[in-house]
$ cat model-v3.tsv   # TSV, C-alpha atoms
chain	number	residue	atom	x	y	z
Y	210	MET	CA	24.29	135.35	121.89
Y	211	ALA	CA	25.58	132.72	124.25
Y	212	TYR	CA	27.78	133.64	127.19
Y	213	HIS	CA	31.39	132.63	126.54
Y	214	GLY	CA	33.28	134.45	129.29
Y	215	ASP	CA	35.09	133.05	132.31
Y	216	MET	CA	32.01	131.24	133.59
Y	217	LYS	CA	31.44	130.42	137.22
Y	218	ARG	CA	29.80	127.19	136.00
Y	219	TYR	CA	26.24	128.14	136.86
Y	220	LEU	CA	23.53	125.70	137.82
Y	221	ALA	CA	20.14	126.19	136.14
Y	222	LEU	CA	17.26	125.86	138.62
Y	223	PRO	CA	13.67	126.13	137.27
Y	224	MET	CA	10.91	126.82	139.80
Y	225	GLY	CA	9.05	123.51	139.30
Y	226	GLU	CA	5.35	123.19	140.16
Y	227	ALA	CA	4.18	126.64	141.26
Y	228	ALA	CA	1.16	125.34	143.19
Y	229	GLY	CA	3.30	123.15	145.43
Y	230	ILE	CA	6.33	123.66	147.64
Y	231	SER	CA	8.95	123.99	144.90
Y	232	ALA	CA	9.37	127.78	145.04
Y	233	GLU	CA	9.61	127.62	148.83
Y	234	LEU	CA	12.30	124.94	148.50
Y	235	VAL	CA	14.25	127.20	146.15
Y	236	VAL	CA	14.10	130.23	148.48
Y	237	LYS	CA	14.95	128.26	151.61
Y	238	SER	CA	17.80	126.41	149.91
Y	239	LEU	CA	19.40	129.58	148.57
Y	240	ASN	CA	18.99	131.22	151.99
Y	241	SER	CA	20.54	128.29	153.84
Y	242	GLU	CA	23.94	128.12	155.51
Y	243	GLU	CA	24.88	125.59	152.82
Y	244	ARG	CA	24.57	128.27	150.14
Y	245	PRO	CA	28.36	128.70	149.54
Y	246	SER	CA	28.64	125.01	148.61
Y	247	PHE	CA	26.28	125.43	145.64
Y	248	GLY	CA	28.43	127.82	143.66
Y	249	SER	CA	26.57	130.04	141.19
Y	250	VAL	CA	22.88	129.50	140.46
Y	251	ILE	CA	20.39	130.87	137.94
Y	252	THR	CA	16.78	130.42	139.12
Y	253	ILE	CA	14.12	130.58	136.40
Y	254	GLY	CA	10.58	131.46	137.44
Y	255	ASP	CA	7.84	134.05	137.80
Y	256	ARG	CA	9.13	136.85	140.04
Y	257	ARG	CA	5.60	137.72	141.17
Y	258	LEU	CA	5.15	134.28	142.71
Y	259	PHE	CA	8.42	134.62	144.61
Y	260	ARG	CA	7.46	138.07	145.85
Y	261	LYS	CA	4.14	136.70	147.11
Y	262	LEU	CA	5.86	133.78	148.78
Y	263	SER	CA	8.40	136.09	150.41
Y	264	LYS	CA	5.69	138.35	151.78
Y	265	ASP	CA	3.35	135.58	152.94
Y	266	LEU	CA	6.03	133.46	154.62
Y	267	ARG	CA	8.32	136.33	155.64
Y	268	LEU	CA	11.22	134.76	153.80
Y	269	PRO	CA	13.90	137.10	152.41
Y	270	LEU	CA	14.57	136.59	148.74
Y	271	PRO	CA	18.17	135.43	148.22
Y	272	PHE	CA	18.76	136.76	144.72
Y	273	THR	CA	21.52	139.28	144.01
Y	274	ALA	CA	20.36	140.19	140.49
Y	275	TYR	CA	17.11	140.04	138.50
Y	276	VAL	CA	17.10	139.70	134.71
Y	277	SER	CA	14.43	139.16	132.07
Y	278	SER	CA	16.45	138.50	128.92
Y	279	ASP	CA	19.54	136.60	127.86
Y	280	SER	CA	21.43	139.85	127.27
Y	281	GLU	CA	20.65	141.01	130.80
Y	282	LEU	CA	21.69	137.59	132.09
Y	283	GLU	CA	25.02	137.84	130.29
Y	284	ALA	CA	25.64	141.26	131.82
Y	285	ALA	CA	24.86	139.96	135.32
Y	286	MET	CA	27.18	137.01	134.82
Y	287	LEU	CA	30.00	139.26	133.64
Y	288	LYS	CA	29.55	141.27	136.84
Y	289	GLY	CA	30.06	138.07	138.82
Y	290	GLU	CA	26.55	137.85	140.28
Y	291	ALA	CA	26.26	134.45	141.97
Y	292	THR	CA	22.51	134.15	142.63
Y	293	ILE	CA	20.59	135.35	139.60
Y	294	PHE	CA	16.81	135.28	139.11
Y	295	TYR	CA	15.63	135.00	135.49
Y	296	ASP	CA	12.12	136.43	135.46
Y	297	MET	CA	9.53	134.74	133.22
Y	298	PRO	CA	6.02	136.11	133.84
Y	299	CYS	CA	4.18	132.87	133.06
Y	300	LEU	CA	1.49	132.63	135.75
Y	301	ASP	CA	-1.95	134.20	136.05
Y	302	MET	CA	-1.45	135.58	139.54
Y	303	ASP	CA	-5.07	136.80	139.72
Y	304	SER	CA	-6.27	133.20	139.78
Y	305	TYR	CA	-3.26	131.63	141.49
Y	306	GLU	CA	-3.78	129.82	144.80
Y	307	TYR	CA	-1.37	127.80	146.90
Y	308	GLY	CA	-2.08	124.09	146.61
Y	309	GLN	CA	-4.36	124.43	143.57
Y	310	LEU	CA	-3.12	122.71	140.45
Y	311	SER	CA	-4.19	124.14	137.12
Y	312	ALA	CA	-3.35	124.13	133.44
Y	313	ASP	CA	-1.68	127.47	134.11
Y	314	THR	CA	0.77	126.09	136.67
Y	315	GLY	CA	1.44	123.07	134.45
Y	316	MET	CA	2.25	125.26	131.45
Y	317	ALA	CA	4.44	127.46	133.65
Y	318	CYS	CA	6.38	124.44	134.89
Y	319	PHE	CA	7.03	123.33	131.33
Y	320	ALA	CA	8.00	126.85	130.21
Y	321	VAL	CA	10.59	127.45	132.93
Y	322	THR	CA	12.08	123.98	132.43
Y	323	ALA	CA	12.37	124.60	128.69
Y	324	LYS	CA	14.08	127.93	129.40
Y	325	ALA	CA	16.51	126.27	131.82
Y	326	VAL	CA	17.42	123.71	129.16
Y	327	SER	CA	17.87	126.51	126.62
Y	328	LEU	CA	20.23	128.37	128.95
Y	329	ILE	CA	22.38	125.26	129.25
Y	330	GLN	CA	22.30	124.62	125.51
Y	331	ASN	CA	23.50	128.20	124.96
Y	332	SER	CA	26.32	127.91	127.50
Y	333	TYR	CA	24.89	130.17	130.19
Y	334	ALA	CA	24.73	127.24	132.62
Y	335	SER	CA	26.30	123.81	132.92
Y	336	LEU	CA	23.95	121.54	134.86
Y	337	LEU	CA	20.22	121.30	135.50
Y	338	VAL	CA	18.80	120.94	139.02
Y	339	THR	CA	15.05	120.39	139.31
Y	340	PRO	CA	12.63	120.73	142.24
Y	341	PRO	CA	9.36	118.75	142.24
Y	342	LEU	CA	6.83	118.96	139.42
Y	343	ASP	CA	3.30	117.55	139.32
Y	344	ALA	CA	2.21	115.33	136.43
Y	345	ARG	CA	-1.44	116.30	136.96
Y	346	SER	CA	-0.98	120.00	136.16
Y	347	LEU	CA	1.13	119.17	133.10
Y	348	ALA	CA	-1.67	116.88	131.91
Y	349	MET	CA	-4.21	119.66	132.55
Y	350	ALA	CA	-2.11	121.88	130.28
Y	351	GLY	CA	-2.25	119.25	127.54
Y	352	ILE	CA	1.45	118.46	127.84
Y	353	SER	CA	2.15	114.79	127.16
Y	354	THR	CA	5.58	114.83	128.84
Y	355	THR	CA	4.59	114.59	132.48
Y	356	ARG	CA	8.01	113.61	133.90
Y	357	TYR	CA	11.30	115.44	133.72
Y	358	GLU	CA	12.92	112.46	131.97
Y	359	THR	CA	10.57	112.56	128.99
Y	360	MET	CA	10.35	116.35	129.00
Y	361	ILE	CA	14.11	116.85	128.81
Y	362	SER	CA	14.50	114.06	126.26
Y	363	GLU	CA	12.07	115.89	123.99
Y	364	LEU	CA	13.63	119.30	124.60
Y	365	THR	CA	17.10	117.98	123.80
Y	366	THR	CA	15.99	115.44	121.13
Y	367	CYS	CA	18.25	113.01	122.98
Y	368	GLN	CA	17.21	109.84	124.78
Y	369	ARG	CA	18.22	109.46	128.40
Y	370	GLY	CA	21.15	107.16	129.07
Y	371	LEU	CA	21.41	105.99	132.67
Y	372	THR	CA	19.53	106.95	135.82
Y	373	MET	CA	21.34	106.84	139.14
Y	374	LEU	CA	20.14	107.34	142.69
Y	375	ASP	CA	22.65	109.03	144.97
Y	376	ALA	CA	21.60	108.08	148.50
Y	377	GLY	CA	23.94	110.15	150.61
Y	378	GLY	CA	26.89	108.91	148.56
Y	379	VAL	CA	25.65	105.36	147.82
Y	380	LYS	CA	25.29	105.21	144.04
Y	381	ILE	CA	22.55	102.94	142.68
Y	382	PHE	CA	21.81	102.40	138.99
Y	383	SER	CA	18.61	100.67	137.90
Y	384	HIS	CA	18.30	98.26	134.98
Y	385	THR	CA	14.64	99.18	134.36
Y	386	HIS	CA	12.55	102.28	135.08
Y	387	HIS	CA	8.88	103.16	135.58
Y	388	MET	CA	7.36	99.95	134.30
Y	389	PRO	CA	5.12	97.29	135.84
Y	390	LEU	CA	7.02	94.57	137.68
Y	391	ARG	CA	5.92	91.88	135.20
Y	392	GLU	CA	7.41	93.90	132.34
Y	393	ALA	CA	10.56	94.55	134.35
Y	394	LEU	CA	11.06	90.81	134.79
Y	395	GLU	CA	10.67	90.32	131.04
Y	396	ALA	CA	13.45	92.90	130.53
Y	397	ILE	CA	15.91	90.69	132.41
Y	398	SER	CA	17.72	88.92	129.59
Y	399	PHE	CA	21.39	88.07	129.05
Y	400	GLU	CA	21.78	90.71	126.33
Y	401	ARG	CA	20.06	93.49	128.23
Y	402	ILE	CA	21.78	92.80	131.54
Y	403	LEU	CA	25.19	92.68	129.86
Y	404	ASP	CA	24.42	95.95	128.05
Y	405	THR	CA	23.54	97.65	131.36
Y	406	ILE	CA	26.69	96.32	133.03
Y	407	ILE	CA	28.87	97.60	130.18
Y	408	LYS	CA	27.22	101.04	130.21
Y	409	VAL	CA	27.52	101.43	133.99
Y	410	ASP	CA	31.14	100.26	133.93
Y	411	SER	CA	32.03	102.65	131.12
Y	412	LEU	CA	30.41	105.58	132.91
Y	413	THR	CA	31.88	104.86	136.31
Y	414	GLN	CA	35.37	104.12	134.96
Y	415	ASP	CA	35.57	107.50	133.25
Y	416	ASN	CA	34.25	109.51	136.16
Y	417	LYS	CA	36.19	110.80	139.14
Y	418	ILE	CA	33.21	110.86	141.50
Y	419	PHE	CA	33.29	107.05	141.61
Y	420	ASP	CA	35.85	105.08	143.62
Y	421	GLN	CA	37.92	103.44	140.89
Y	422	ASP	CA	39.45	100.93	143.33
Y	423	ARG	CA	36.08	99.31	144.08
Y	424	PRO	CA	34.14	96.77	141.98
Y	425	LEU	CA	30.64	97.09	140.62
Y	426	ALA	CA	27.98	94.80	142.06
Y	427	ILE	CA	24.62	93.65	140.69
Y	428	ALA	CA	21.54	92.52	142.59
Y	429	SER	CA	19.72	89.24	142.22
Y	430	VAL	CA	16.01	89.03	141.48
Y	431	ASN	CA	14.99	86.08	143.60
Y	432	PRO	CA	15.50	85.80	147.37
Y	433	HIS	CA	18.19	83.41	148.52
Y	434	HIS	CA	21.11	83.18	150.95
Y	435	ALA	CA	24.50	84.33	149.76
Y	436	ASP	CA	25.83	80.77	149.65
Y	437	SER	CA	22.70	79.18	148.16
Y	438	LEU	CA	22.73	77.10	144.99
Y	439	SER	CA	18.99	77.45	144.50
Y	440	TRP	CA	19.09	80.30	142.02
Y	441	GLY	CA	15.94	81.38	140.23
Y	442	GLN	CA	15.51	81.19	136.49
Y	443	GLU	CA	16.42	84.86	135.94
Y	444	GLU	CA	19.77	84.34	137.63
Y	445	VAL	CA	20.52	81.09	135.79
Y	446	ASP	CA	19.43	82.27	132.34
Y	447	ALA	CA	20.49	85.92	132.36
Y	448	ILE	CA	22.28	87.48	135.32
Y	449	ILE	CA	24.99	84.91	136.06
Y	450	PRO	CA	25.94	84.45	132.36
Y	451	ALA	CA	26.02	88.24	131.89
Y	452	VAL	CA	28.26	88.72	134.93
Y	453	GLU	CA	30.59	85.94	133.76
Y	454	LYS	CA	30.79	87.47	130.28
Y	455	ALA	CA	31.44	90.91	131.76
Y	456	ARG	CA	34.33	89.50	133.76
Y	457	GLU	CA	35.74	87.86	130.61
Y	458	ILE	CA	35.95	91.27	128.94
Y	459	GLY	CA	37.68	92.81	131.92
Y	460	ILE	CA	34.87	94.36	133.98
Y	461	ASP	CA	35.36	94.19	137.75
Y	462	ILE	CA	31.89	93.15	138.96
Y	463	LEU	CA	30.46	90.99	141.74
Y	464	GLY	CA	27.11	89.23	141.80
Y	465	PRO	CA	24.40	88.48	141.66
Y	466	VAL	CA	24.11	89.46	145.33
Y	467	SER	CA	20.91	89.19	147.33
Y	468	ALA	CA	19.45	92.69	147.24
Y	469	ASP	CA	19.23	93.12	151.02
Y	470	HIS	CA	22.90	92.17	151.45
Y	471	LEU	CA	23.91	94.25	148.43
Y	472	MET	CA	22.49	97.56	149.66
Y	473	HIS	CA	23.83	97.04	153.17
Y	474	ARG	CA	27.31	96.39	151.81
Y	475	ALA	CA	27.02	99.36	149.48
Y	476	SER	CA	26.33	101.59	152.48
Y	477	LYS	CA	29.70	100.45	153.86
Y	478	GLY	CA	31.48	101.74	150.77
Y	479	LEU	CA	32.40	98.34	149.36
Y	480	TYR	CA	31.36	99.06	145.75
Y	481	ARG	CA	32.03	101.65	143.08
Y	482	ALA	CA	28.31	101.50	142.30
Y	483	VAL	CA	25.55	98.93	142.38
Y	484	ILE	CA	22.99	97.84	139.78
Y	485	ALA	CA	19.43	97.14	140.88
Y	486	LEU	CA	17.11	95.23	138.57
Y	487	PHE	CA	13.93	97.27	138.86
Y	488	HIS	CA	12.55	100.56	140.17
Y	489	ASP	CA	11.48	99.66	143.70
Y	490	GLN	CA	14.53	97.51	144.35
Y	491	ALA	CA	16.56	100.69	143.87
Y	492	HIS	CA	14.22	103.28	145.36
Y	493	ILE	CA	13.16	101.45	148.51
Y	494	ALA	CA	16.80	100.80	149.34
Y	495	ALA	CA	17.87	104.37	148.60
Y	496	MET	CA	15.06	105.99	150.57
Y	497	SER	CA	15.70	103.63	153.48
Y	498	LEU	CA	19.42	104.35	153.46
Y	499	ASP	CA	19.03	108.14	153.47
Y	500	PHE	CA	15.61	109.53	152.63
Y	501	GLU	CA	16.42	113.22	153.04
Y	502	HIS	CA	19.63	113.11	151.03
Y	503	THR	CA	18.58	110.85	148.14
Y	504	VAL	CA	18.57	112.57	144.75
Y	505	THR	CA	18.33	111.32	141.18
Y	506	VAL	CA	21.11	111.90	138.66
Y	507	ASN	CA	20.35	111.51	134.97
Y	508	TRP	CA	23.27	110.71	132.69
Y	509	GLY	CA	23.36	110.60	128.91
Y	510	TRP	CA	21.85	113.93	127.91
Y	511	PRO	CA	24.18	116.67	126.61
Y	512	PHE	CA	24.20	117.90	130.23
Y	513	LEU	CA	23.79	116.36	133.66
Y	514	ALA	CA	20.48	116.66	135.50
Y	515	VAL	CA	20.09	116.28	139.25
Y	516	ARG	CA	16.51	115.89	140.44
Y	517	VAL	CA	14.59	116.01	143.68
Y	518	ASP	CA	12.18	113.09	143.33
Y	519	ARG	CA	9.53	114.17	145.80
Y	520	GLY	CA	5.91	115.07	145.30
Y	521	SER	CA	4.66	118.64	144.96
Y	522	GLN	CA	3.19	118.33	148.51
Y	523	LEU	CA	0.25	120.59	147.80
Y	524	GLU	CA	-1.00	120.29	151.36
Y	525	LYS	CA	2.11	122.14	152.59
Y	526	ALA	CA	2.13	124.87	149.94
Y	527	GLY	CA	2.18	128.41	151.29
Y	528	ARG	CA	2.45	127.28	154.90
Y	529	GLY	CA	6.19	127.49	155.45
Y	530	LEU	CA	6.45	123.77	156.22
Y	531	ALA	CA	8.65	122.63	153.34
Y	532	ASP	CA	11.97	120.99	154.27
Y	533	PRO	CA	14.65	122.18	151.82
Y	534	THR	CA	17.12	119.39	152.66
Y	535	PRO	CA	16.54	117.34	149.46
Y	536	LEU	CA	17.01	120.36	147.18
Y	537	ILE	CA	20.06	121.49	149.16
Y	538	GLN	CA	21.50	118.01	148.61
Y	539	ALA	CA	20.69	118.13	144.88
Y	540	LEU	CA	22.48	121.46	144.53
Y	541	LYS	CA	25.49	120.14	146.45
Y	542	VAL	CA	25.66	116.97	144.33
Y	543	ALA	CA	25.44	119.05	141.15
Y	544	ARG	CA	28.23	121.35	142.30
Y	545	ASP	CA	30.37	118.35	143.25
Y	546	HIS	CA	30.06	117.05	139.70
Y	547	ILE	CA	31.17	120.39	138.31
Y	548	VAL	CA	34.17	120.45	140.67
Y	549	HIS	CA	35.16	117.02	139.36
Y	550	GLY	CA	34.76	118.14	135.77
Y	551	VAL	CA	31.61	116.11	135.11
Y	552	ILE	CA	28.83	117.90	133.27
Y	553	SER	CA	27.22	115.19	131.08
$ encode --input "model-v3.tsv" --output "C-alpha cells"
Amino acid sequence: MAYHGDMKRYLALPMGEAAGISAELVVKSLNSEERPSFGSVITIGDRRLFRKLSKDLRLPLPFTAYVSSDSELEAAMLKGEATIFYDMPCLDMDSYEYGQLSADTGMACFAVTAKAVSLIQNSYASLLVTPPLDARSLAMAGISTTRYETMISELTTCQRGLTMLDAGGVKIFSHTHHMPLREALEAISFERILDTIIKVDSLTQDNKIFDQDRPLAIASVNPHHADSLSWGQEEVDAIIPAVEKAREIGIDILGPVSADHLMHRASKGLYRAVIALFHDQAHIAAMSLDFEHTVTVNWGWPFLAVRVDRGSQLEKAGRGLADPTPLIQALKVARDHIVHGVIS
C-alpha cells in the first residue's frame, strides 16, 4: 500500500556501488552541517555494510529509523522520521572487500536502485538522488544497463527526456549524449537542433527554478570570433536556421555563440539556460566552472533524478578520504526542486 499521508516529500537515495566510496558519501552527507537543507531522506542499502563502514571509519550513522518493509516505512513516515534507512540485505558480507568490484556489488547496486524507483512510483518518495555506480560491476553481474540513464529508463519503461548539468547554478543542456564525436556532429541537423531548442524552451518556461527574464543561448560547433562571418558548415546548414526559426515561433534565444564565450557569459547569469552541442562541450565547461558542485539533472521520467557523476573511486574506499561535497550538492539541488514544486 502506497503512503498517501501528509508527506514530507522524501528523497530516495540508493547506496550506489558498495565497493567504492558511495556509502561513505551517504553517511558523511547526512552527518554534515548541511543536513537540514536536504529535507527528508530515505536511504536504501544493506545495513551491514553501513555498520561496517561506521565501525571502520568511526563515523556515526545518521539514521533516525531503520525499516525493512514498505509497511514499516509507512509507519516511520507517519511518525515524522526524517532520515530513514531502508534495509535490503543484498551483499555477501563474508566475501565483501573495500575497493573490490564483483558481480555481487553490481547486483546490489541494481537492486537498491530498483527499490528506490519503486518507492517513488508508489508515492513514498518524490525524487531520486544517486551516488556513483560502477559500470564494471554491473557488467560482471550480467546487467546490460550499466548507466543510471538506461537503468532508470528500463525500470520506468520511459525514455529519458533532457539531461542538464547544474554547475553551481549554471544550467547547461546538451544536444547529444555519450556518443563518439563524429556521430555527434552527424546529429547536428536543422530538425534535431530545432527540436532540442523547443524542448529546452518548453521545460525552462514552465519551471520556476529558471530565470524567466533571461534568454536561452546555444553554442556553436566551430571556433570563431563573435563578430566573424566565417561560420562552419554546421552553423550555416543547421544551427543558424534553427535559431532563426525558433525566434519566428516566439522563442527567446541567442546564438550560435562561441562555446568559450557562451560558458563565461552563462557564469555571469546572462542566460536562462544554455545548450551545448555535445558531451564534452558541456562537461568540460561545467567541471571547469565548479567541479565540486556540478551535478546532473535528468528530466522527462515520471520523476526527477539528480545524479553525482563521479567515479566509484575504488582506491579511496574504506579509507575515510571521500569528499561528500558533490552528493551534498545533489541533495540540495533535489530539495530546491521540491521547494519550487518541480518533481518531474
$ atom_distance --input "model-v3.tsv" --atom1 "atom CA of Y:Val235" --atom2 "atom CA of Y:Leu371"
26.1 Å
$ closest_residue --input "model-v3.tsv" --among "Y:Thr534, Y:Gln421, Y:Ser311, Y:Asn507" --to "Y:Met349" --atoms "all atoms listed in the file"
Y:Ser311
$ residues_around --input "model-v3.tsv" --residues "Y:Val236" --least-positions-apart "5" --cutoff "8 Å" --atoms "only C-alpha atoms" --output "JSON list (two decimals) with C-alpha atoms, in the coordinates of the input"
[["chain", "number", "residue", "atom", "x", "y", "z"],
["Y", 268, "LEU", "CA", 11.22, 134.76, 153.80],
["Y", 269, "PRO", "CA", 13.90, 137.10, 152.41],
["Y", 270, "LEU", "CA", 14.57, 136.59, 148.74],
["Y", 271, "PRO", "CA", 18.17, 135.43, 148.22]]
$ closest_residue --input "model-v3.tsv" --among "Y:Glu395, Y:Val506, Y:Lys261, Y:Glu501" --to "Y:Asp303" --atoms "all atoms listed in the file"
Y:Lys261
$ closest_residue --input "model-v3.tsv" --among "Y:Phe419, Y:Leu310, Y:Ile407, Y:Asp518" --to "Y:Gly459" --atoms "only C-alpha atoms"
Y:Ile407
$ residues_near_point --input "model-v3.tsv" --point "(15.8, 81.4, 136.7)" --cutoff "12 Å" --atoms "only C-alpha atoms" --output "ChimeraX atom specification"
/Y:394-395,397-399,429-432,438-450
$ axis_aligned_box --input "model-v3.tsv" --around "stretch 267-275 of chain Y" --padding-each-side "6 Å" --output "JSON"
{"center_x": 14.9, "center_y": 137.5, "center_z": 147.1, "size_x": 25.2, "size_y": 17.4, "size_z": 29.1}
$ residues_around --input "model-v3.tsv" --residues "Y:Ala228" --least-positions-apart "2" --cutoff "10 Å" --atoms "all atoms listed in the file" --output "PyMOL selection string"
chain Y and resi 225-226+230-232+258+305-311+313-315+318+342-343+346+521-527
$ write_last_selection --input "model-v3.tsv" --atoms "C-alpha atoms" --output "mmCIF file, in the coordinates of the input"
data_model
loop_
_atom_site.group_PDB
_atom_site.id
_atom_site.type_symbol
_atom_site.label_atom_id
_atom_site.label_comp_id
_atom_site.auth_asym_id
_atom_site.auth_seq_id
_atom_site.Cartn_x
_atom_site.Cartn_y
_atom_site.Cartn_z
ATOM 1 C CA GLY Y 225 9.050 123.510 139.300
ATOM 2 C CA GLU Y 226 5.350 123.190 140.160
ATOM 3 C CA ILE Y 230 6.330 123.660 147.640
ATOM 4 C CA SER Y 231 8.950 123.990 144.900
ATOM 5 C CA ALA Y 232 9.370 127.780 145.040
ATOM 6 C CA LEU Y 258 5.150 134.280 142.710
ATOM 7 C CA TYR Y 305 -3.260 131.630 141.490
ATOM 8 C CA GLU Y 306 -3.780 129.820 144.800
ATOM 9 C CA TYR Y 307 -1.370 127.800 146.900
ATOM 10 C CA GLY Y 308 -2.080 124.090 146.610
ATOM 11 C CA GLN Y 309 -4.360 124.430 143.570
ATOM 12 C CA LEU Y 310 -3.120 122.710 140.450
ATOM 13 C CA SER Y 311 -4.190 124.140 137.120
ATOM 14 C CA ASP Y 313 -1.680 127.470 134.110
ATOM 15 C CA THR Y 314 0.770 126.090 136.670
ATOM 16 C CA GLY Y 315 1.440 123.070 134.450
ATOM 17 C CA CYS Y 318 6.380 124.440 134.890
ATOM 18 C CA LEU Y 342 6.830 118.960 139.420
ATOM 19 C CA ASP Y 343 3.300 117.550 139.320
ATOM 20 C CA SER Y 346 -0.980 120.000 136.160
ATOM 21 C CA SER Y 521 4.660 118.640 144.960
ATOM 22 C CA GLN Y 522 3.190 118.330 148.510
ATOM 23 C CA LEU Y 523 0.250 120.590 147.800
ATOM 24 C CA GLU Y 524 -1.000 120.290 151.360
ATOM 25 C CA LYS Y 525 2.110 122.140 152.590
ATOM 26 C CA ALA Y 526 2.130 124.870 149.940
ATOM 27 C CA GLY Y 527 2.180 128.410 151.290
#
$ closest_residue --input "model-v3.tsv" --among "Y:Leu234, Y:Ala227, Y:Phe247, Y:Thr365" --to "Y:Met302" --atoms "only C-alpha atoms"
Y:Ala227
$ residues_around --input "model-v3.tsv" --residues "Y:Leu425" --least-positions-apart "5" --cutoff "6 Å" --atoms "all atoms listed in the file" --output "MDAnalysis selection string"
chainID Y and resid 462 480:483
$ closest_residue --input "model-v3.tsv" --among "Y:Ser278, Y:Ile406, Y:Gly529, Y:His549" --to "Y:Leu262" --atoms "all atoms listed in the file"
Y:Gly529
$ residues_around --input "model-v3.tsv" --residues "Y:Leu222" --least-positions-apart "6" --cutoff "6 Å" --atoms "all atoms listed in the file" --output "list in words"
Ile251, Thr252, Val338 and Thr339 of chain Y
$ atom_distance --input "model-v3.tsv" --atom1 "atom CA of Y:Ala284" --atom2 "atom CA of Y:Arg218"
15.3 Å
$ residues_around --input "model-v3.tsv" --residues "Y:Lys380" --least-positions-apart "4" --cutoff "12 Å" --atoms "only C-alpha atoms" --output "ChimeraX atom specification"
/Y:372-376,409,413,418-420,425-426,471-472,474-485,491-492,494-495,498-499,502-506,542
$ write_last_selection --input "model-v3.tsv" --atoms "C-alpha atoms" --output "tab-separated table (two decimals), in the frame of the given file"
chain	number	residue	atom	x	y	z
Y	372	THR	CA	19.53	106.95	135.82
Y	373	MET	CA	21.34	106.84	139.14
Y	374	LEU	CA	20.14	107.34	142.69
Y	375	ASP	CA	22.65	109.03	144.97
Y	376	ALA	CA	21.60	108.08	148.50
Y	409	VAL	CA	27.52	101.43	133.99
Y	413	THR	CA	31.88	104.86	136.31
Y	418	ILE	CA	33.21	110.86	141.50
Y	419	PHE	CA	33.29	107.05	141.61
Y	420	ASP	CA	35.85	105.08	143.62
Y	425	LEU	CA	30.64	97.09	140.62
Y	426	ALA	CA	27.98	94.80	142.06
Y	471	LEU	CA	23.91	94.25	148.43
Y	472	MET	CA	22.49	97.56	149.66
Y	474	ARG	CA	27.31	96.39	151.81
Y	475	ALA	CA	27.02	99.36	149.48
Y	476	SER	CA	26.33	101.59	152.48
Y	477	LYS	CA	29.70	100.45	153.86
Y	478	GLY	CA	31.48	101.74	150.77
Y	479	LEU	CA	32.40	98.34	149.36
Y	480	TYR	CA	31.36	99.06	145.75
Y	481	ARG	CA	32.03	101.65	143.08
Y	482	ALA	CA	28.31	101.50	142.30
Y	483	VAL	CA	25.55	98.93	142.38
Y	484	ILE	CA	22.99	97.84	139.78
Y	485	ALA	CA	19.43	97.14	140.88
Y	491	ALA	CA	16.56	100.69	143.87
Y	492	HIS	CA	14.22	103.28	145.36
Y	494	ALA	CA	16.80	100.80	149.34
Y	495	ALA	CA	17.87	104.37	148.60
Y	498	LEU	CA	19.42	104.35	153.46
Y	499	ASP	CA	19.03	108.14	153.47
Y	502	HIS	CA	19.63	113.11	151.03
Y	503	THR	CA	18.58	110.85	148.14
Y	504	VAL	CA	18.57	112.57	144.75
Y	505	THR	CA	18.33	111.32	141.18
Y	506	VAL	CA	21.11	111.90	138.66
Y	542	VAL	CA	25.66	116.97	144.33
$ atom_distance --input "model-v3.tsv" --atom1 "atom CA of Y:Glu281" --atom2 "atom CA of Y:Leu336"
20.2 Å
$ build_atoms --input "model-v3.tsv" --residues "stretch 251-262 of chain Y" --atoms "N, CA and C atoms" --output "short mmCIF file (atom, residue, chain, number, x, y, z; two decimals), in the frame of the given file"
data_model
loop_
_atom_site.label_atom_id
_atom_site.label_comp_id
_atom_site.auth_asym_id
_atom_site.auth_seq_id
_atom_site.Cartn_x
_atom_site.Cartn_y
_atom_site.Cartn_z
N ILE Y 251 21.39 130.07 138.64
CA ILE Y 251 20.39 130.87 137.94
C ILE Y 251 19.03 130.22 138.19
N THR Y 252 18.14 130.91 138.89
CA THR Y 252 16.78 130.42 139.12
C THR Y 252 15.88 130.99 138.05
N ILE Y 253 15.04 130.15 137.46
CA ILE Y 253 14.12 130.58 136.40
C ILE Y 253 12.69 130.43 136.92
N GLY Y 254 11.94 131.53 136.94
CA GLY Y 254 10.58 131.46 137.44
C GLY Y 254 9.85 132.77 137.27
N ASP Y 255 8.66 132.84 137.84
CA ASP Y 255 7.84 134.05 137.80
C ASP Y 255 8.13 134.86 139.06
N ARG Y 256 8.71 136.04 138.89
CA ARG Y 256 9.13 136.85 140.04
C ARG Y 256 7.95 137.20 140.94
N ARG Y 257 6.77 137.35 140.37
CA ARG Y 257 5.60 137.72 141.17
C ARG Y 257 5.25 136.64 142.18
N LEU Y 258 5.40 135.38 141.78
CA LEU Y 258 5.15 134.28 142.71
C LEU Y 258 6.14 134.33 143.87
N PHE Y 259 7.40 134.59 143.56
CA PHE Y 259 8.42 134.62 144.61
C PHE Y 259 8.23 135.82 145.54
N ARG Y 260 7.77 136.92 145.00
CA ARG Y 260 7.46 138.07 145.85
C ARG Y 260 6.31 137.74 146.81
N LYS Y 261 5.28 137.09 146.28
CA LYS Y 261 4.14 136.70 147.11
C LYS Y 261 4.59 135.74 148.21
N LEU Y 262 5.37 134.76 147.82
CA LEU Y 262 5.86 133.78 148.78
C LEU Y 262 6.70 134.45 149.87
#
